[in-house]
Amino acid sequence: MVYFVGAGCGAADLITIRGMRILTRADTIIYTGSLVNDELLGYAKDSCFCYDSSRMTLDEVMEVMIRDAEKGEEVVRLHTGDPSLYGAIQEQMRILDQRGIHYETCPGVSACFGAAASLNLEFTLPDISQSLIITRMAGRTPVPEKESIESFAKHGATMAIYLSSGMLQELQERLIAGGYSQSTKAAIVYRATWPQEKKFICTVGTLAKTAAENGIDRFAVILVGDVIGKADYSLSKLYDPTFETGYRKSYEN
């Protein structure tokens, strides 16, 4: 069996209990050493073999994964954050399907949620935003034209932008071109939940300046939207005394 396990976004204790238990059973762990907290390897048993995939190609990763899985061993592919977001897992699963090797996925805490926790932030404030757009700028991996920063910015919703902290001048220009004002609140969270975490509240118009002044050019998630201001929102209807649910009668009745 192969397990794709979300390591979480940084702090070792943010892995799920399920993920931790899978690690304790693993015979082989393949992890991204440049991104995954190596403290997580402390959950592994002494006989477990660990491979750092940051120095491996897809073919090399799959060679180890298939070899050990076909020997009947438990293999863990440990991905940063949540495997379903920018994890490149589908290409690995396709090869496992071709070889008839079974696999499962264990979710993890992604960087935007670690960043929100660090900022004590709610992404979906009533009357401000009820949507979260997770996206990225095009780099070595292109982005479909229909998913441009400008097209998403038109919605005015909350945005979490990954893999783009080295392109913040372009990012802020495109956010403004799409409809955000220069004064729209923004945040840069570097290595969310890691001991080295840094967080900066700024505006869309000062994203590049804030990052440059603080030496941030990688490992950061960018948050954009009026929810960052934490103001002018309505209270949740769920706890309104006049709102009736299947568990609570309205105080008006």
# chains A, B, ... in the order shown; residues from 1 in each chain; ligands from 1
$ closest_atom_pairs --of "range 120-174 of chain A" --to "range 69-85 of chain A" --cutoff "12 Å" --atoms "only C-alpha atoms" --output "CSV"
residue,atom,partner,partner_atom,distance
A:Ile134,CA,A:Leu85,CA,9.0
A:Thr135,CA,A:Leu85,CA,9.6
A:Arg136,CA,A:Leu85,CA,10.7
A:Ala160,CA,A:Leu85,CA,12.0
A:Ile161,CA,A:Leu85,CA,11.7
A:Tyr162,CA,A:Leu85,CA,9.7
A:Leu163,CA,A:Leu85,CA,11.2
$ write_last_selection --atoms "all heavy atoms" --output "PDB file, in the first residue's frame"
ATOM      1  N   ILE A 134      -8.324  30.045  -4.295  1.00  0.00           N
ATOM      2  CA  ILE A 134      -6.937  29.591  -4.145  1.00  0.00           C
ATOM      3  C   ILE A 134      -6.333  29.467  -5.534  1.00  0.00           C
ATOM      4  O   ILE A 134      -6.847  28.730  -6.385  1.00  0.00           O
ATOM      5  CB  ILE A 134      -6.875  28.239  -3.401  1.00  0.00           C
ATOM      6  CG1 ILE A 134      -7.471  28.365  -2.001  1.00  0.00           C
ATOM      7  CG2 ILE A 134      -5.441  27.729  -3.336  1.00  0.00           C
ATOM      8  CD1 ILE A 134      -7.572  27.058  -1.239  1.00  0.00           C
ATOM      9  N   THR A 135      -5.259  30.187  -5.768  1.00  0.00           N
ATOM     10  CA  THR A 135      -4.668  30.188  -7.104  1.00  0.00           C
ATOM     11  C   THR A 135      -3.176  30.469  -7.014  1.00  0.00           C
ATOM     12  O   THR A 135      -2.605  30.515  -5.920  1.00  0.00           O
ATOM     13  CB  THR A 135      -5.383  31.216  -8.012  1.00  0.00           C
ATOM     14  OG1 THR A 135      -4.933  31.048  -9.362  1.00  0.00           O
ATOM     15  CG2 THR A 135      -5.133  32.648  -7.545  1.00  0.00           C
ATOM     16  N   ARG A 136      -2.546  30.662  -8.162  1.00  0.00           N
ATOM     17  CA  ARG A 136      -1.117  30.936  -8.222  1.00  0.00           C
ATOM     18  C   ARG A 136      -0.810  31.718  -9.490  1.00  0.00           C
ATOM     19  O   ARG A 136      -1.621  31.768 -10.428  1.00  0.00           O
ATOM     20  CB  ARG A 136      -0.316  29.641  -8.248  1.00  0.00           C
ATOM     21  CG  ARG A 136      -0.659  28.739  -9.426  1.00  0.00           C
ATOM     22  CD  ARG A 136       0.348  27.629  -9.624  1.00  0.00           C
ATOM     23  NE  ARG A 136       1.639  28.165 -10.025  1.00  0.00           N
ATOM     24  CZ  ARG A 136       2.746  27.430 -10.154  1.00  0.00           C
ATOM     25  NH1 ARG A 136       2.703  26.133  -9.905  1.00  0.00           N
ATOM     26  NH2 ARG A 136       3.879  27.971 -10.530  1.00  0.00           N
ATOM     27  N   ALA A 160      -6.211  33.523  -1.846  1.00  0.00           N
ATOM     28  CA  ALA A 160      -4.956  33.003  -1.305  1.00  0.00           C
ATOM     29  C   ALA A 160      -4.104  32.621  -2.503  1.00  0.00           C
ATOM     30  O   ALA A 160      -4.524  31.798  -3.328  1.00  0.00           O
ATOM     31  CB  ALA A 160      -5.211  31.795  -0.417  1.00  0.00           C
ATOM     32  N   ILE A 161      -2.939  33.230  -2.601  1.00  0.00           N
ATOM     33  CA  ILE A 161      -2.111  33.072  -3.800  1.00  0.00           C
ATOM     34  C   ILE A 161      -0.808  32.383  -3.412  1.00  0.00           C
ATOM     35  O   ILE A 161      -0.027  32.897  -2.616  1.00  0.00           O
ATOM     36  CB  ILE A 161      -1.849  34.442  -4.457  1.00  0.00           C
ATOM     37  CG1 ILE A 161      -3.196  35.117  -4.760  1.00  0.00           C
ATOM     38  CG2 ILE A 161      -1.028  34.281  -5.733  1.00  0.00           C
ATOM     39  CD1 ILE A 161      -3.126  36.606  -4.911  1.00  0.00           C
ATOM     40  N   TYR A 162      -0.602  31.223  -3.973  1.00  0.00           N
ATOM     41  CA  TYR A 162       0.554  30.387  -3.684  1.00  0.00           C
ATOM     42  C   TYR A 162       1.657  30.594  -4.723  1.00  0.00           C
ATOM     43  O   TYR A 162       1.400  31.082  -5.834  1.00  0.00           O
ATOM     44  CB  TYR A 162       0.154  28.910  -3.721  1.00  0.00           C
ATOM     45  CG  TYR A 162      -0.626  28.394  -2.530  1.00  0.00           C
ATOM     46  CD1 TYR A 162      -1.894  28.875  -2.227  1.00  0.00           C
ATOM     47  CD2 TYR A 162      -0.114  27.393  -1.715  1.00  0.00           C
ATOM     48  CE1 TYR A 162      -2.614  28.378  -1.163  1.00  0.00           C
ATOM     49  CE2 TYR A 162      -0.823  26.880  -0.636  1.00  0.00           C
ATOM     50  CZ  TYR A 162      -2.072  27.378  -0.370  1.00  0.00           C
ATOM     51  OH  TYR A 162      -2.783  26.891   0.698  1.00  0.00           O
ATOM     52  N   LEU A 163       2.855  30.177  -4.379  1.00  0.00           N
ATOM     53  CA  LEU A 163       3.953  30.021  -5.338  1.00  0.00           C
ATOM     54  C   LEU A 163       4.204  31.281  -6.159  1.00  0.00           C
ATOM     55  O   LEU A 163       4.578  31.207  -7.322  1.00  0.00           O
ATOM     56  CB  LEU A 163       3.650  28.839  -6.274  1.00  0.00           C
ATOM     57  CG  LEU A 163       3.394  27.500  -5.564  1.00  0.00           C
ATOM     58  CD1 LEU A 163       2.804  26.477  -6.525  1.00  0.00           C
ATOM     59  CD2 LEU A 163       4.672  26.976  -4.939  1.00  0.00           C
TER      60      LEU A 163
END
$ select_by_dssp --residues "range 63-107 of chain A" --states "alpha helix (DSSP H)" --output "number ranges by chain"
A: 63-70, 90-99
$ write_last_selection --atoms "N, CA and C atoms" --output "PDB file, in the first residue's frame"
ATOM      1  N   GLU A  63      10.378   4.731  -8.848  1.00  0.00           N
ATOM      2  CA  GLU A  63      11.166   3.498  -8.761  1.00  0.00           C
ATOM      3  C   GLU A  63      11.198   2.990  -7.314  1.00  0.00           C
ATOM      4  N   VAL A  64      11.445   3.897  -6.373  1.00  0.00           N
ATOM      5  CA  VAL A  64      11.469   3.518  -4.960  1.00  0.00           C
ATOM      6  C   VAL A  64      10.076   3.109  -4.499  1.00  0.00           C
ATOM      7  N   MET A  65       9.085   3.898  -4.850  1.00  0.00           N
ATOM      8  CA  MET A  65       7.716   3.659  -4.409  1.00  0.00           C
ATOM      9  C   MET A  65       7.215   2.302  -4.890  1.00  0.00           C
ATOM     10  N   ILE A  66       7.407   2.009  -6.168  1.00  0.00           N
ATOM     11  CA  ILE A  66       6.916   0.757  -6.754  1.00  0.00           C
ATOM     12  C   ILE A  66       7.706  -0.435  -6.213  1.00  0.00           C
ATOM     13  N   ARG A  67       9.016  -0.290  -6.145  1.00  0.00           N
ATOM     14  CA  ARG A  67       9.861  -1.393  -5.649  1.00  0.00           C
ATOM     15  C   ARG A  67       9.421  -1.848  -4.267  1.00  0.00           C
ATOM     16  N   ASP A  68       9.240  -0.884  -3.351  1.00  0.00           N
ATOM     17  CA  ASP A  68       8.926  -1.243  -1.974  1.00  0.00           C
ATOM     18  C   ASP A  68       7.465  -1.666  -1.814  1.00  0.00           C
ATOM     19  N   ALA A  69       6.553  -1.024  -2.552  1.00  0.00           N
ATOM     20  CA  ALA A  69       5.152  -1.425  -2.478  1.00  0.00           C
ATOM     21  C   ALA A  69       4.958  -2.835  -3.003  1.00  0.00           C
ATOM     22  N   GLU A  70       5.674  -3.200  -4.056  1.00  0.00           N
ATOM     23  CA  GLU A  70       5.541  -4.542  -4.624  1.00  0.00           C
ATOM     24  C   GLU A  70       6.183  -5.601  -3.730  1.00  0.00           C
ATOM     25  N   GLN A  90      -1.304  13.481  -8.937  1.00  0.00           N
ATOM     26  CA  GLN A  90      -2.049  12.718  -9.935  1.00  0.00           C
ATOM     27  C   GLN A  90      -1.124  11.954 -10.864  1.00  0.00           C
ATOM     28  N   GLU A  91       0.004  12.541 -11.222  1.00  0.00           N
ATOM     29  CA  GLU A  91       0.945  11.865 -12.116  1.00  0.00           C
ATOM     30  C   GLU A  91       1.564  10.637 -11.455  1.00  0.00           C
ATOM     31  N   GLN A  92       1.690  10.693 -10.121  1.00  0.00           N
ATOM     32  CA  GLN A  92       2.185   9.523  -9.392  1.00  0.00           C
ATOM     33  C   GLN A  92       1.102   8.447  -9.305  1.00  0.00           C
ATOM     34  N   MET A  93      -0.125   8.870  -9.053  1.00  0.00           N
ATOM     35  CA  MET A  93      -1.233   7.931  -8.949  1.00  0.00           C
ATOM     36  C   MET A  93      -1.483   7.212 -10.271  1.00  0.00           C
ATOM     37  N   ARG A  94      -1.311   7.926 -11.366  1.00  0.00           N
ATOM     38  CA  ARG A  94      -1.522   7.314 -12.684  1.00  0.00           C
ATOM     39  C   ARG A  94      -0.580   6.133 -12.891  1.00  0.00           C
ATOM     40  N   ILE A  95       0.677   6.308 -12.487  1.00  0.00           N
ATOM     41  CA  ILE A  95       1.656   5.228 -12.646  1.00  0.00           C
ATOM     42  C   ILE A  95       1.337   4.068 -11.709  1.00  0.00           C
ATOM     43  N   LEU A  96       0.894   4.389 -10.488  1.00  0.00           N
ATOM     44  CA  LEU A  96       0.502   3.325  -9.568  1.00  0.00           C
ATOM     45  C   LEU A  96      -0.701   2.560 -10.103  1.00  0.00           C
ATOM     46  N   ASP A  97      -1.659   3.264 -10.709  1.00  0.00           N
ATOM     47  CA  ASP A  97      -2.814   2.599 -11.327  1.00  0.00           C
ATOM     48  C   ASP A  97      -2.353   1.623 -12.408  1.00  0.00           C
ATOM     49  N   GLN A  98      -1.392   2.061 -13.215  1.00  0.00           N
ATOM     50  CA  GLN A  98      -0.889   1.213 -14.290  1.00  0.00           C
ATOM     51  C   GLN A  98      -0.234  -0.048 -13.755  1.00  0.00           C
ATOM     52  N   ARG A  99       0.356   0.048 -12.561  1.00  0.00           N
ATOM     53  CA  ARG A  99       1.032  -1.105 -11.967  1.00  0.00           C
ATOM     54  C   ARG A  99       0.121  -1.918 -11.044  1.00  0.00           C
TER      55      ARG A  99
END
$ closest_residue --among "A:Ala138, A:Ala211, A:Ala7, A:Ile133" --to "Thr158 in chain A" --atoms "only C-alpha atoms"
A:Ile133
$ closest_atom_pairs --of "range 167-203 of chain A" --to "range 17-41 of chain A" --cutoff "12 Å" --atoms "only C-alpha atoms" --output "Markdown table"
| residue | atom | partner | partner_atom | distance |
| --- | --- | --- | --- | --- |
| A:Arg191 | CA | A:Leu35 | CA | 9.4 |
| A:Ala192 | CA | A:Leu35 | CA | 11.6 |
| A:Thr193 | CA | A:Asn37 | CA | 10.7 |
| A:Trp194 | CA | A:Asn37 | CA | 8.4 |
| A:Pro195 | CA | A:Asn37 | CA | 10.5 |
| A:Gln196 | CA | A:Asn37 | CA | 11.8 |
$ write_last_selection --atoms "all heavy atoms" --output "PDB file, in the first residue's frame"
ATOM      1  N   ARG A 191       6.507  31.169   5.572  1.00  0.00           N
ATOM      2  CA  ARG A 191       6.640  29.906   6.316  1.00  0.00           C
ATOM      3  C   ARG A 191       5.603  29.818   7.444  1.00  0.00           C
ATOM      4  O   ARG A 191       5.931  29.693   8.633  1.00  0.00           O
ATOM      5  CB  ARG A 191       8.049  29.733   6.859  1.00  0.00           C
ATOM      6  CG  ARG A 191       9.072  29.349   5.785  1.00  0.00           C
ATOM      7  CD  ARG A 191      10.341  28.810   6.399  1.00  0.00           C
ATOM      8  NE  ARG A 191      11.308  28.345   5.429  1.00  0.00           N
ATOM      9  CZ  ARG A 191      11.352  27.122   4.897  1.00  0.00           C
ATOM     10  NH1 ARG A 191      10.421  26.248   5.216  1.00  0.00           N
ATOM     11  NH2 ARG A 191      12.288  26.782   4.034  1.00  0.00           N
ATOM     12  N   ALA A 192       4.361  29.858   7.057  1.00  0.00           N
ATOM     13  CA  ALA A 192       3.263  29.824   8.029  1.00  0.00           C
ATOM     14  C   ALA A 192       3.392  28.629   8.965  1.00  0.00           C
ATOM     15  O   ALA A 192       3.575  27.489   8.509  1.00  0.00           O
ATOM     16  CB  ALA A 192       1.923  29.766   7.300  1.00  0.00           C
ATOM     17  N   THR A 193       3.321  28.884  10.245  1.00  0.00           N
ATOM     18  CA  THR A 193       3.359  27.944  11.373  1.00  0.00           C
ATOM     19  C   THR A 193       4.741  27.370  11.668  1.00  0.00           C
ATOM     20  O   THR A 193       4.900  26.613  12.635  1.00  0.00           O
ATOM     21  CB  THR A 193       2.344  26.768  11.243  1.00  0.00           C
ATOM     22  OG1 THR A 193       2.835  25.781  10.340  1.00  0.00           O
ATOM     23  CG2 THR A 193       0.978  27.270  10.795  1.00  0.00           C
ATOM     24  N   TRP A 194       5.757  27.700  10.878  1.00  0.00           N
ATOM     25  CA  TRP A 194       7.120  27.280  11.195  1.00  0.00           C
ATOM     26  C   TRP A 194       7.669  28.181  12.311  1.00  0.00           C
ATOM     27  O   TRP A 194       7.184  29.303  12.515  1.00  0.00           O
ATOM     28  CB  TRP A 194       8.031  27.428   9.975  1.00  0.00           C
ATOM     29  CG  TRP A 194       7.837  26.437   8.880  1.00  0.00           C
ATOM     30  CD1 TRP A 194       6.829  26.433   7.960  1.00  0.00           C
ATOM     31  CD2 TRP A 194       8.673  25.311   8.563  1.00  0.00           C
ATOM     32  NE1 TRP A 194       6.987  25.385   7.094  1.00  0.00           N
ATOM     33  CE2 TRP A 194       8.114  24.678   7.441  1.00  0.00           C
ATOM     34  CE3 TRP A 194       9.838  24.801   9.116  1.00  0.00           C
ATOM     35  CZ2 TRP A 194       8.677  23.539   6.858  1.00  0.00           C
ATOM     36  CZ3 TRP A 194      10.411  23.674   8.544  1.00  0.00           C
ATOM     37  CH2 TRP A 194       9.829  23.052   7.439  1.00  0.00           C
ATOM     38  N   PRO A 195       8.720  27.759  13.007  1.00  0.00           N
ATOM     39  CA  PRO A 195       9.357  28.655  13.980  1.00  0.00           C
ATOM     40  C   PRO A 195       9.859  29.950  13.336  1.00  0.00           C
ATOM     41  O   PRO A 195       9.905  30.994  13.985  1.00  0.00           O
ATOM     42  CB  PRO A 195      10.519  27.822  14.524  1.00  0.00           C
ATOM     43  CG  PRO A 195      10.092  26.410  14.328  1.00  0.00           C
ATOM     44  CD  PRO A 195       9.306  26.405  13.045  1.00  0.00           C
ATOM     45  N   GLN A 196      10.218  29.894  12.045  1.00  0.00           N
ATOM     46  CA  GLN A 196      10.749  31.070  11.332  1.00  0.00           C
ATOM     47  C   GLN A 196       9.641  31.949  10.743  1.00  0.00           C
ATOM     48  O   GLN A 196       9.932  32.875   9.975  1.00  0.00           O
ATOM     49  CB  GLN A 196      11.661  30.631  10.174  1.00  0.00           C
ATOM     50  CG  GLN A 196      12.733  29.627  10.556  1.00  0.00           C
ATOM     51  CD  GLN A 196      12.315  28.196  10.266  1.00  0.00           C
ATOM     52  OE1 GLN A 196      11.268  27.758  10.711  1.00  0.00           O
ATOM     53  NE2 GLN A 196      13.135  27.471   9.525  1.00  0.00           N
TER      54      GLN A 196
END
$ atom_distance --atom1 "CA of Glu147 in chain A" --atom2 "CA of Gly6 in chain A"
25.4 Å
$ residues_around --residues "Leu132 in chain A" --least-positions-apart "6" --cutoff "10 Å" --atoms "only C-alpha atoms" --output "PyMOL selection string"
chain A and resi 123-124+157-160+223-225
$ write_last_selection --atoms "N, CA, C and O atoms" --output "compact mmCIF listing (two decimals), in the first residue's frame"
# COMPACT_ATOMS: atom_id res chain seq x y z
N PHE A 123 -11.76 33.75 6.67
CA PHE A 123 -11.80 34.07 5.24
C PHE A 123 -13.19 34.45 4.76
O PHE A 123 -13.33 35.10 3.72
N THR A 124 -14.23 34.03 5.46
CA THR A 124 -15.60 34.18 4.96
C THR A 124 -16.45 34.97 5.96
O THR A 124 -17.24 34.40 6.71
N ALA A 157 -13.51 38.70 -4.16
CA ALA A 157 -13.57 37.73 -3.06
C ALA A 157 -12.21 37.65 -2.35
O ALA A 157 -11.23 38.28 -2.75
N THR A 158 -12.16 36.87 -1.29
CA THR A 158 -10.88 36.61 -0.63
C THR A 158 -10.03 35.72 -1.52
O THR A 158 -10.54 34.77 -2.13
N MET A 159 -8.74 36.03 -1.61
CA MET A 159 -7.85 35.22 -2.42
C MET A 159 -6.64 34.76 -1.60
O MET A 159 -6.13 35.51 -0.76
N ALA A 160 -6.21 33.52 -1.85
CA ALA A 160 -4.96 33.00 -1.31
C ALA A 160 -4.10 32.62 -2.50
O ALA A 160 -4.52 31.80 -3.33
N LEU A 223 -2.26 36.64 0.91
CA LEU A 223 -3.70 36.73 1.13
C LEU A 223 -4.18 38.11 0.73
O LEU A 223 -3.51 39.11 1.01
N VAL A 224 -5.33 38.16 0.08
CA VAL A 224 -5.87 39.43 -0.41
C VAL A 224 -7.36 39.48 -0.14
O VAL A 224 -8.07 38.49 -0.34
N GLY A 225 -7.84 40.64 0.34
CA GLY A 225 -9.28 40.80 0.48
C GLY A 225 -9.66 41.64 1.68
O GLY A 225 -8.89 41.80 2.63
$ select_by_dssp --residues "range 149-236 of chain A" --states "strand (DSSP E or B)" --output "VMD selection string"
chain A and resid 158 to 162 185 to 190 198 to 203 220 to 224
$ write_last_selection --atoms "N, CA, C and O atoms" --output "compact mmCIF listing (two decimals), in the first residue's frame"
# COMPACT_ATOMS: atom_id res chain seq x y z
N THR A 158 -12.16 36.87 -1.29
CA THR A 158 -10.88 36.61 -0.63
C THR A 158 -10.03 35.72 -1.52
O THR A 158 -10.54 34.77 -2.13
N MET A 159 -8.74 36.03 -1.61
CA MET A 159 -7.85 35.22 -2.42
C MET A 159 -6.64 34.76 -1.60
O MET A 159 -6.13 35.51 -0.76
N ALA A 160 -6.21 33.52 -1.85
CA ALA A 160 -4.96 33.00 -1.31
C ALA A 160 -4.10 32.62 -2.50
O ALA A 160 -4.52 31.80 -3.33
N ILE A 161 -2.94 33.23 -2.60
CA ILE A 161 -2.11 33.07 -3.80
C ILE A 161 -0.81 32.38 -3.41
O ILE A 161 -0.03 32.90 -2.62
N TYR A 162 -0.60 31.22 -3.97
CA TYR A 162 0.55 30.39 -3.68
C TYR A 162 1.66 30.59 -4.72
O TYR A 162 1.40 31.08 -5.83
N LYS A 185 -6.81 45.49 1.59
CA LYS A 185 -5.91 44.85 2.54
C LYS A 185 -5.30 43.58 1.94
O LYS A 185 -5.93 42.86 1.19
N ALA A 186 -4.05 43.34 2.32
CA ALA A 186 -3.34 42.13 1.90
C ALA A 186 -2.44 41.68 3.04
O ALA A 186 -2.18 42.43 3.99
N ALA A 187 -1.97 40.45 2.94
CA ALA A 187 -1.05 39.93 3.94
C ALA A 187 -0.04 39.02 3.27
O ALA A 187 -0.35 38.33 2.29
N ILE A 188 1.17 39.05 3.77
CA ILE A 188 2.23 38.13 3.35
C ILE A 188 2.60 37.29 4.56
O ILE A 188 2.95 37.83 5.61
N VAL A 189 2.46 35.97 4.43
CA VAL A 189 2.83 35.09 5.54
C VAL A 189 3.93 34.14 5.05
O VAL A 189 3.69 33.30 4.19
N TYR A 190 5.11 34.33 5.60
CA TYR A 190 6.29 33.55 5.24
C TYR A 190 6.40 32.34 6.15
O TYR A 190 6.33 32.47 7.38
N LYS A 198 7.09 34.62 9.53
CA LYS A 198 6.99 36.07 9.55
C LYS A 198 5.67 36.44 8.88
O LYS A 198 5.28 35.81 7.89
N LYS A 199 5.01 37.47 9.39
CA LYS A 199 3.73 37.87 8.80
C LYS A 199 3.64 39.38 8.73
O LYS A 199 4.05 40.07 9.66
N PHE A 200 3.12 39.86 7.64
CA PHE A 200 3.05 41.30 7.40
C PHE A 200 1.69 41.65 6.82
O PHE A 200 1.25 41.07 5.83
N ILE A 201 1.01 42.60 7.44
CA ILE A 201 -0.24 43.16 6.90
C ILE A 201 0.14 44.39 6.08
O ILE A 201 0.87 45.25 6.54
N CYS A 202 -0.37 44.44 4.86
CA CYS A 202 -0.07 45.58 3.99
C CYS A 202 -1.30 45.84 3.13
O CYS A 202 -2.42 45.55 3.55
N THR A 203 -1.10 46.38 1.96
CA THR A 203 -2.18 46.58 0.99
C THR A 203 -1.75 45.97 -0.34
O THR A 203 -0.57 45.65 -0.53
N ALA A 220 6.23 31.94 0.82
CA ALA A 220 5.18 32.77 1.43
C ALA A 220 3.87 32.58 0.69
O ALA A 220 3.85 32.36 -0.53
N VAL A 221 2.77 32.64 1.42
CA VAL A 221 1.45 32.66 0.82
C VAL A 221 0.94 34.10 0.94
O VAL A 221 1.15 34.77 1.95
N ILE A 222 0.29 34.57 -0.12
CA ILE A 222 -0.22 35.93 -0.18
C ILE A 222 -1.74 35.88 -0.02
O ILE A 222 -2.43 35.14 -0.74
N LEU A 223 -2.26 36.64 0.91
CA LEU A 223 -3.70 36.73 1.13
C LEU A 223 -4.18 38.11 0.73
O LEU A 223 -3.51 39.11 1.01
N VAL A 224 -5.33 38.16 0.08
CA VAL A 224 -5.87 39.43 -0.41
C VAL A 224 -7.36 39.48 -0.14
O VAL A 224 -8.07 38.49 -0.34
$ atom_distance --atom1 "CA of Phe152 in chain A" --atom2 "CA of Thr105 in chain A"
29.0 Å
$ atom_distance --atom1 "CA of Ala88 in chain A" --atom2 "CA of Phe219 in chain A"
17.5 Å
$ residues_around --residues "Tyr180 in chain A" --least-positions-apart "4" --cutoff "8 Å" --atoms "only C-alpha atoms" --output "list in words"
Ala153, Lys154, Gly156, Leu175, Ile176, Thr184 and Val204 of chain A
$ decode --residues "range 157-212 of chain A" --atoms "C-alpha atoms" --output "compact mmCIF listing (two decimals), in the first residue's frame"
# COMPACT_ATOMS: atom_id res chain seq x y z
CA ALA A 157 -13.57 37.73 -3.06
CA THR A 158 -10.88 36.61 -0.63
CA MET A 159 -7.85 35.22 -2.42
CA ALA A 160 -4.96 33.00 -1.31
CA ILE A 161 -2.11 33.07 -3.80
CA TYR A 162 0.55 30.39 -3.68
CA LEU A 163 3.95 30.02 -5.34
CA SER A 164 4.10 33.68 -6.30
CA SER A 165 6.13 35.51 -3.64
CA GLY A 166 8.99 36.12 -6.08
CA MET A 167 6.67 37.93 -8.52
CA LEU A 168 4.89 40.40 -6.29
CA GLN A 169 5.34 43.49 -8.45
CA GLU A 170 3.59 41.75 -11.31
CA LEU A 171 1.04 40.24 -8.95
CA GLN A 172 -0.01 43.56 -7.44
CA GLU A 173 -0.31 45.16 -10.88
CA ARG A 174 -2.52 42.35 -12.09
CA LEU A 175 -4.68 42.38 -8.95
CA ILE A 176 -5.28 46.10 -9.43
CA ALA A 177 -5.94 45.65 -13.15
CA GLY A 178 -8.55 43.04 -12.24
CA GLY A 179 -10.47 45.25 -9.85
CA TYR A 180 -8.91 45.39 -6.38
CA SER A 181 -8.02 48.90 -5.23
CA GLN A 182 -4.48 49.75 -4.19
CA SER A 183 -5.78 50.16 -0.64
CA THR A 184 -7.36 46.69 -0.44
CA LYS A 185 -5.91 44.85 2.54
CA ALA A 186 -3.34 42.13 1.90
CA ALA A 187 -1.05 39.93 3.94
CA ILE A 188 2.23 38.13 3.35
CA VAL A 189 2.83 35.09 5.54
CA TYR A 190 6.29 33.55 5.24
CA ARG A 191 6.64 29.91 6.32
CA ALA A 192 3.26 29.82 8.03
CA THR A 193 3.36 27.94 11.37
CA TRP A 194 7.12 27.28 11.20
CA PRO A 195 9.36 28.66 13.98
CA GLN A 196 10.75 31.07 11.33
CA GLU A 197 7.28 32.40 10.47
CA LYS A 198 6.99 36.07 9.55
CA LYS A 199 3.73 37.87 8.80
CA PHE A 200 3.05 41.30 7.40
CA ILE A 201 -0.24 43.16 6.90
CA CYS A 202 -0.07 45.58 3.99
CA THR A 203 -2.18 46.58 0.99
CA VAL A 204 -2.38 45.33 -2.57
CA GLY A 205 -0.48 48.45 -3.65
CA THR A 206 2.40 47.78 -1.24
CA LEU A 207 2.84 44.02 -1.65
CA ALA A 208 6.12 44.23 -3.58
CA LYS A 209 7.53 46.98 -1.34
CA THR A 210 6.66 45.10 1.86
CA ALA A 211 8.23 41.88 0.61
CA ALA A 212 11.40 43.63 -0.59
